[in-house]
Each structure stands twice: as C-alpha cells, then as structure tokens.
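As structure tokens, the structure follows; a few thoughts come after it.
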Amino acid sequence: MKLSFSPSLPLLTFAIALGFSSVAVANSGEATYKQVCASCHGSGVLKSPKLGNKAQWAPLIAEGQVTLTAHGYVGVRKMPAKGGKPDLSIEDFADSVVYLVNQSGGNWKSPDAKMLLAINKEVEARKAGLNKSK
Ligand code: HEC
C-alpha cells in the first residue's frame with residue numbers, strides 16, 4: 001500500500017505547483033483588467049469588445065495571441081495604447097488580455113519568455129507601420 005503512493009508524490013507536487021502558478025497568473029490578469037480595462041470592456045464603452053461576448057471576441061482570438069496582444073498594446077483606433085495606463089508593462093497588459101480572452105470563449109496562457117519576445121517584435125513592427133490599418 002505504502003509503495004503505491006510514493007511514485008505519485010512528485011506528480012502530485014507538480015500538479016499542485018502548476019495549479020498555484022495558474023491561479024497567480026489568473027489573479028494578476030484579473031486585477032489589471034479590473035483596474036485598467038473594465039471601465040471600457042466591462043460594458044462595451046466606445047464599442048469595445050465586451051468581456052464575455054464570445055461573438056465579438058472570436059475573430060479577435062483568431063488573430064492569435066502575439067498579434068492581438070501587440071496590437072492592443074500599441075493601440076487600435078479608440079483602444080488606447082497600454083489600455084490608457086502609460087506605465088503598464090507588456091507582461092501585465094498581456095495577462096489582462098489573457099483574462100479578457102479566457103472570459104470570452106478563449107483558452108490562452110500567460111505568455112512565456114519566447115512569446116513575449118515575439119510580442120515585443122510585433123509591437124516594434126506595428127509602431128513602425130502605425131499608419132496601416134489592421
Ligand atoms: C478607453 C476605453 C478602453 C480601455 C480603458 C481599454 N480598451 Fe481595449 N478597446 C477599446 C476599444 C474601443 C476597442 C475596439 C478598437 C477597434 O477595433 O476599433 C478595444 C479593443 C481591444 C482589443 C482588440 C484589439 C484589436 O486588435 O482589435 C484588445 C485585445 C483590448 N482592447 C484589450 C484591452 C486591455 C487588455 C485593456 C486594459 C489593459 C484595455 N483594452 C483597455 C477601448 C478600451
């Protein structure tokens with residue numbers, strides 16, 4: 001009996017660690033969302049895609065996490081750059097996008113270092129071509 005428990009212990013620890021880290025991520029994205037984004041995205045102010053509206057978010061989610069996060073960070077039409085908070089880091093912005101998306105039919109994760117690099121690259125590309133629409 002005892003033996004059958006020990007091999008699963010590392011797995012269990014791993015699962016718990018995973019659980020904690022995803023909770024932490026969800027919380028920080030949610031906190032930023034509430035603080036910075038909810039004033040518009042909570043009720044659809046200025047025709048912003050509303051939290052939980054899957055039909056509005058589906059085509060945005062289809063753009064992919066790198067593109068959507070980068071374009072939101074730079075700003076799109078009435079969507080202010082960095083959600084209107086000039087000192088908002090790209091990590092915090094990305095996590096609030098993850099929160100918005102996951103409340104609206106998507107299943108994204110907090111970007112890892114590699115994805116953040118790609119997001120930063122896309123931010124630079126977007127800035128360089130700011131006059132282009134979409
Ligand atoms: C002042 C109101 C306002 C605030 C605050 C705001 N948004 Fe937006 N957001 C908009 C509007 C309006 C659009 C629609 C832009 C369009 O497509 O014309 C939008 C669009 C977006 C999009 C889609 C961008 C695209 O490529 O079409 C994302 C992602 C987004 N917002 C994320 C956020 C996040 C995350 C925050 C908080 C950190 C935030 N927004 C704060 C108004 C706002």
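Labeling convention for the structure tokens: chains A, B, ... as they appear, residues from 1 per chain, ligands from 1 in order of appearance.
Taking range 39-69 of chain A and asking which residues DSSP calls helix (DSSP H, G or I) on the backbone, you get Ser39, Cys40, His41, Val45, Leu46, Lys47, Lys54, Ala55, Gln56, Trp57, Ala58, Pro59, Leu60, Ile61, Gln65, Val66, Thr67, Leu68 and Thr69 of chain A.
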**Request:** Might you pull out every residue within 12 Å of Val76 in chain A, with only C-alpha atoms counted and same-chain residues fewer than 4 positions away left off, and present them as a PyMOL selection string?
**Result:** chain A and resi 48+67-72+80-84+123+126-127+130-134
With a cut-off of 9 Å, could you pull out the residues of chain A touching ligand 1 and give me the nearest pair of atoms for each, distance in Å to one decimal, using only C-alpha atoms and all ligand atoms, ordered by chain and ascending number, as CSV?
```
residue,atom,partner,partner_atom_place_in_ligand_line,distance
A:Gly29,CA,ligand 1,35 (C),8.6
A:Thr32,CA,ligand 1,38 (C),6.4
A:Tyr33,CA,ligand 1,37 (C),5.4
A:Lys34,CA,ligand 1,37 (C),8.2
A:Gln35,CA,ligand 1,37 (C),7.9
A:Val36,CA,ligand 1,37 (C),4.8
A:Cys37,CA,ligand 1,37 (C),3.5
A:Ala38,CA,ligand 1,5 (C),6.8
A:Ser39,CA,ligand 1,5 (C),5.8
A:Cys40,CA,ligand 1,2 (C),4.3
A:His41,CA,ligand 1,7 (N),6.0
A:Gly44,CA,ligand 1,12 (C),7.6
A:Val45,CA,ligand 1,2 (C),6.4
A:Leu46,CA,ligand 1,12 (C),4.5
A:Lys47,CA,ligand 1,12 (C),5.2
A:Ser48,CA,ligand 1,11 (C),3.6
A:Pro49,CA,ligand 1,20 (C),6.0
A:Lys50,CA,ligand 1,19 (C),8.8
A:Trp57,CA,ligand 1,23 (C),8.2
A:Pro59,CA,ligand 1,27 (O),8.9
A:Leu60,CA,ligand 1,27 (O),6.1
A:Ile61,CA,ligand 1,29 (C),8.6
A:Glu63,CA,ligand 1,26 (O),8.0
A:Gln65,CA,ligand 1,29 (C),8.9
A:Thr67,CA,ligand 1,26 (O),7.4
A:Leu68,CA,ligand 1,26 (O),4.9
A:Thr69,CA,ligand 1,29 (C),5.7
A:Ala70,CA,ligand 1,26 (O),8.0
A:His71,CA,ligand 1,26 (O),5.1
A:Gly72,CA,ligand 1,24 (C),4.6
A:Tyr73,CA,ligand 1,32 (C),7.6
A:Gly75,CA,ligand 1,24 (C),7.3
A:Val76,CA,ligand 1,15 (C),5.2
A:Arg77,CA,ligand 1,18 (O),4.8
A:Lys78,CA,ligand 1,12 (C),4.4
A:Met79,CA,ligand 1,10 (C),3.5
A:Pro80,CA,ligand 1,1 (C),6.0
A:Ala81,CA,ligand 1,41 (C),8.2
A:Lys82,CA,ligand 1,38 (C),5.8
A:Gly83,CA,ligand 1,41 (C),3.7
A:Gly84,CA,ligand 1,5 (C),5.7
A:Lys85,CA,ligand 1,38 (C),7.5
A:Leu88,CA,ligand 1,38 (C),7.6
A:Asp92,CA,ligand 1,38 (C),7.7
A:Phe93,CA,ligand 1,38 (C),5.1
A:Ala94,CA,ligand 1,35 (C),6.8
A:Asp95,CA,ligand 1,35 (C),7.6
A:Ser96,CA,ligand 1,35 (C),4.7
A:Val97,CA,ligand 1,35 (C),4.2
A:Val98,CA,ligand 1,35 (C),7.9
A:Tyr99,CA,ligand 1,35 (C),8.1
A:Leu100,CA,ligand 1,35 (C),6.8
A:Val101,CA,ligand 1,29 (C),8.0
A:Lys134,CA,ligand 1,26 (O),7.2
```
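Among the candidate residues A:Gln56, A:Val66, A:Gly129, A:Asp87, the one lying nearest to Ser110 in chain A is A:Val66, with distances computed using only C-alpha atoms.
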